[in-house]
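Reading through the structure tokens given below for one structure.
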Amino acid sequence: RVAVFERDGQYQLYIDDMQPDGTGALSLAFEQLKEKLAKEGLFDAERKKPIPAYPERVGVVTSPTGAAIRDIINVISRRFPLAELILCPVAVQGEYAAPQIKNAIELFNECNAADVLIVGRGGGSVEELWAFNEEIVARAVAASEIPVISAVGHETDFTICDFVADLRAPTPSAAAELAVPDSFQQQEMLASFTRRIGGAVYEKIADERANVELKKATLKRLSPQNYIDSLRVRCDRASMMMDSAVRNSFALKSKEFASVCAKLDALSPLKILARGYGVASKGGRIVSDVSSLEKGDLINLKLSNGEAECEVREIRG
């Protein structure tokens with residue numbers, strides 16, 4: 001308000017409130033929105049979604065003619081050419097930039113058109129980057145079901161979008177590196193895993209083969225066939241011993257029998273008769289004493305080659 005000091009003819013300006021103009025005003029608006037969204041929890045780490053390790057589709061919300069999209073294309077085609085790159089072109093500065101960025105993020109989510117989103121642009125002044133400080137953009141990023149990587153300006157530039165996004169990248173090129181893995185590094189890792197797995201499998205097979213051989217040896221040792229073979233050997237040995245024992249016993253008995261036969265033969269009456277002796281009998285009984293005979297008795301006299309009927313004419317004692 002204006003007042004006049006009449007005595008000296010001077011005008012005086014009284015200021016009750018003061019706000020910075022230009023960049024200062026934008027800085028104040030930035031801090032006010034940052035504080036507001038922080039209180040709502042939009043910056044909390046708990047709500048950040050993880051970036052997929054191997055995205056099949058990478059969505060990009062940026063200008064189709066800026067350096068950012070060229071850098072993103074170069075990095076993704078070099079690092080992970082298997083990923084499909086989907087661009088939703090938008091204005092990245094001016095009064096229409098913020099609504100277009102918001103609509104693009106929402107469109108990606110409605111169509112489920114990507115596994116991860118890169119939202120950003122190349123470097124510029126505070127005014128040129130201001131679209132990414134707009135509340136509608138911040139809320140669209142926060143509401144996105146698709147993980148969002150913010151890549152606005154250079155490494156020293158910070159926007160509200162950076163704080164709300166699931167991951168901040170210092171540049172669009174860095175965002176592309178964070179969005180996809182390095183295929184060459186993955187191939188080297190896969191080759192290393194293959195070698196390690198191959199070595200482990202080879203060692204496992206060798207161990208199992210040795211274990212099988214050990215079990216085979218144990219089974220062979222405990223095999224019923226081995227037991228049967230052992231019994232067969234024992235039976236053969238016992239049979240040989242029995243046969244030898246029988247032969248020896250038979251030979252011994254044969255000798256004993258021959259000796260007995262020789263003795264019997266030597267004591268045989270026939271042998272005695274063959275030497276000229278005879279055997280006298282009367283009534284079927286052997287006559288061994290002359291007292292059992294009487295004169296006129298008929299006796300049978302057995303000789304070596306026959307018998308004769310004899311009459312007793314005289315008895316001598």
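How things are named: the first chain in the structure tokens is A, the next is B, and so on; residues count from 1 in each chain; ligands count from 1 in the order shown.
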Using only C-alpha atoms, find each residue of segment 64-97 of chain A with at least one atom at most 12 Å away from an atom of segment 105-120 of chain A; report its shortest atom-to-atom pair and that distance in Å (one decimal), sort the rows by chain and rising residue number, and return the result as a Markdown table.
```
| residue | atom | partner | partner_atom | distance |
| --- | --- | --- | --- | --- |
| A:Pro64 | CA | A:Gly120 | CA | 11.6 |
| A:Gly66 | CA | A:Gly120 | CA | 10.6 |
| A:Ala67 | CA | A:Gly120 | CA | 11.1 |
| A:Ala68 | CA | A:Gly120 | CA | 7.8 |
| A:Ile69 | CA | A:Gly120 | CA | 9.3 |
| A:Asp71 | CA | A:Gly120 | CA | 11.9 |
| A:Ile72 | CA | A:Ile118 | CA | 9.1 |
| A:Ile73 | CA | A:Ile118 | CA | 11.6 |
| A:Ile76 | CA | A:Ile118 | CA | 11.8 |
| A:Ala83 | CA | A:Asp115 | CA | 10.0 |
| A:Glu84 | CA | A:Ala114 | CA | 8.9 |
| A:Leu85 | CA | A:Ala114 | CA | 8.7 |
| A:Ile86 | CA | A:Ala114 | CA | 7.6 |
| A:Leu87 | CA | A:Ile118 | CA | 9.6 |
| A:Cys88 | CA | A:Phe108 | CA | 8.5 |
| A:Pro89 | CA | A:Val119 | CA | 10.7 |
| A:Val90 | CA | A:Gly120 | CA | 10.2 |
| A:Ala91 | CA | A:Gly120 | CA | 10.5 |
| A:Val92 | CA | A:Gly120 | CA | 7.8 |
| A:Gln93 | CA | A:Gly120 | CA | 10.8 |
| A:Ala97 | CA | A:Gly120 | CA | 11.3 |
```
Task: Which of segment 10-160 of chain A fall in helix (DSSP H, G or I), as a PyMOL selection string - done: chain A and resi 23-39+45-47+67-79+97-111+126-133+135-143+160
Task: Within 10 Å of Glu135 of chain A using only C-alpha atoms, minus same-chain residues under 2 positions, as a ChimeraX atom specification - done: /A:30,33-34,36-37,98,102,131-133,137-141,160-161
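Atom CA of Ile136 of chain A sits 12.6 Å away from atom CA of Glu95 of chain A.
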Considering only strand (DSSP E) as DSSP defines it on the backbone, what residues of segment 26-225 of chain A qualify? List them as an mmCIF file with C-alpha atoms, in the first residue's frame.
```cif
data_model
loop_
_atom_site.group_PDB
_atom_site.id
_atom_site.type_symbol
_atom_site.label_atom_id
_atom_site.label_comp_id
_atom_site.auth_asym_id
_atom_site.auth_seq_id
_atom_site.Cartn_x
_atom_site.Cartn_y
_atom_site.Cartn_z
ATOM 1 C CA ARG A 57 8.703 -54.455 -23.219
ATOM 2 C CA VAL A 58 10.197 -51.132 -22.216
ATOM 3 C CA GLY A 59 7.833 -48.157 -22.447
ATOM 4 C CA VAL A 60 9.280 -44.666 -22.965
ATOM 5 C CA VAL A 61 7.434 -41.415 -22.333
ATOM 6 C CA THR A 62 9.471 -38.594 -23.881
ATOM 7 C CA GLU A 84 10.763 -54.408 -27.340
ATOM 8 C CA LEU A 85 10.927 -50.606 -27.122
ATOM 9 C CA ILE A 86 7.532 -48.824 -27.132
ATOM 10 C CA LEU A 87 7.519 -45.016 -27.412
ATOM 11 C CA CYS A 88 4.579 -42.830 -26.502
ATOM 12 C CA PRO A 89 5.615 -39.419 -27.873
ATOM 13 C CA VAL A 116 8.768 -50.950 -17.091
ATOM 14 C CA LEU A 117 8.396 -47.244 -17.965
ATOM 15 C CA ILE A 118 11.096 -44.655 -18.560
ATOM 16 C CA VAL A 119 9.701 -41.135 -18.091
ATOM 17 C CA GLY A 120 11.965 -38.201 -18.770
ATOM 18 C CA ARG A 121 13.875 -35.923 -21.121
ATOM 19 C CA VAL A 148 8.566 -46.147 -13.384
ATOM 20 C CA ILE A 149 12.163 -44.985 -13.845
ATOM 21 C CA SER A 150 12.477 -41.206 -13.795
ATOM 22 C CA ALA A 151 15.189 -39.796 -16.075
ATOM 23 C CA VAL A 152 14.898 -36.027 -16.184
ATOM 24 C CA LEU A 167 13.757 -45.498 -9.350
ATOM 25 C CA ARG A 168 15.658 -42.324 -10.302
#
```
Open item on the list: One number please: atom CA of Glu155 of chain A to atom CA of Ala169 of chain A, in Å, one decimal.
Closed with: 7.9 Å
- [ ] Would you work out the distance separating atom CA of Ser291 of chain A from atom CA of Ile315 of chain A, expressed in Å to one decimal?
- [x]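 Straight-line distance from atom CA of Ser291 of chain A to atom CA of Ile315 of chain A works out to 8.6 Å.
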Open item on the list: Which residue is closest to Thr156 of chain A? Choose from A:Val312, A:Val4, A:Val126, A:Ile197 and count only C-alpha atoms.
Closed with: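 Going through A:Val312, A:Val4, A:Val126, A:Ile197 one by one, the smallest distance to Thr156 of chain A is for A:Val126.
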TODO: Name all residues at most 6 Å from Glu311 of chain A (count only C-alpha atoms; drop same-chain ones fewer than 2 positions away) and give them as a PyMOL selection string.
DONE: chain A and resi 296-298
Any chance you could export the current selection's all heavy atoms as a short mmCIF file (atom, residue, chain, number, x, y, z; two decimals), in the first residue's frame?
```cif
data_model
loop_
_atom_site.label_atom_id
_atom_site.label_comp_id
_atom_site.auth_asym_id
_atom_site.auth_seq_id
_atom_site.Cartn_x
_atom_site.Cartn_y
_atom_site.Cartn_z
N GLY A 296 31.52 -203.56 14.78
CA GLY A 296 30.41 -203.80 13.85
C GLY A 296 29.65 -202.52 13.49
O GLY A 296 28.73 -202.57 12.65
N ASP A 297 30.01 -201.41 14.18
CA ASP A 297 29.30 -200.13 13.81
C ASP A 297 29.67 -199.70 12.39
O ASP A 297 30.83 -199.92 11.93
CB ASP A 297 29.67 -199.01 14.77
CG ASP A 297 29.02 -199.18 16.13
OD1 ASP A 297 28.07 -199.96 16.23
OD2 ASP A 297 29.46 -198.45 17.08
N LEU A 298 28.66 -199.09 11.76
CA LEU A 298 28.91 -198.52 10.43
C LEU A 298 29.18 -197.01 10.61
O LEU A 298 28.41 -196.30 11.25
CB LEU A 298 27.71 -198.72 9.53
CG LEU A 298 27.39 -200.18 9.17
CD1 LEU A 298 26.11 -200.26 8.32
CD2 LEU A 298 28.53 -200.82 8.41
#
```
Open item on the list: Using only C-alpha atoms, can you tell me which of A:Ala200, A:Gly124, A:Ser27, A:Cys310 comes closest to Thr171 of chain A?
Closed with: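 Selected residue with least distance to Thr171 of chain A: A:Gly124.
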Open item on the list: When you count only C-alpha atoms, which of these residues is closest to Ala25 of chain A: A:Ile299, A:Leu222, A:Glu127, A:Ala45?
Closed with: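 Closest to Ala25 of chain A of all the choices is A:Glu127.
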Task: From A:Glu128, A:Glu134, A:Glu40, A:Glu145, residue lying nearest Asp162 of chain A [only C-alpha atoms] - done: A:Glu134
Open item on the list: Can you pull out the residues contacting Ala53 of chain A? Cut-off 9 Å, using only C-alpha atoms, and skip same-chain residues under 6 positions away; I want them as a list in words.
Closed with: Ala179, Val180 and Pro181 of chain A
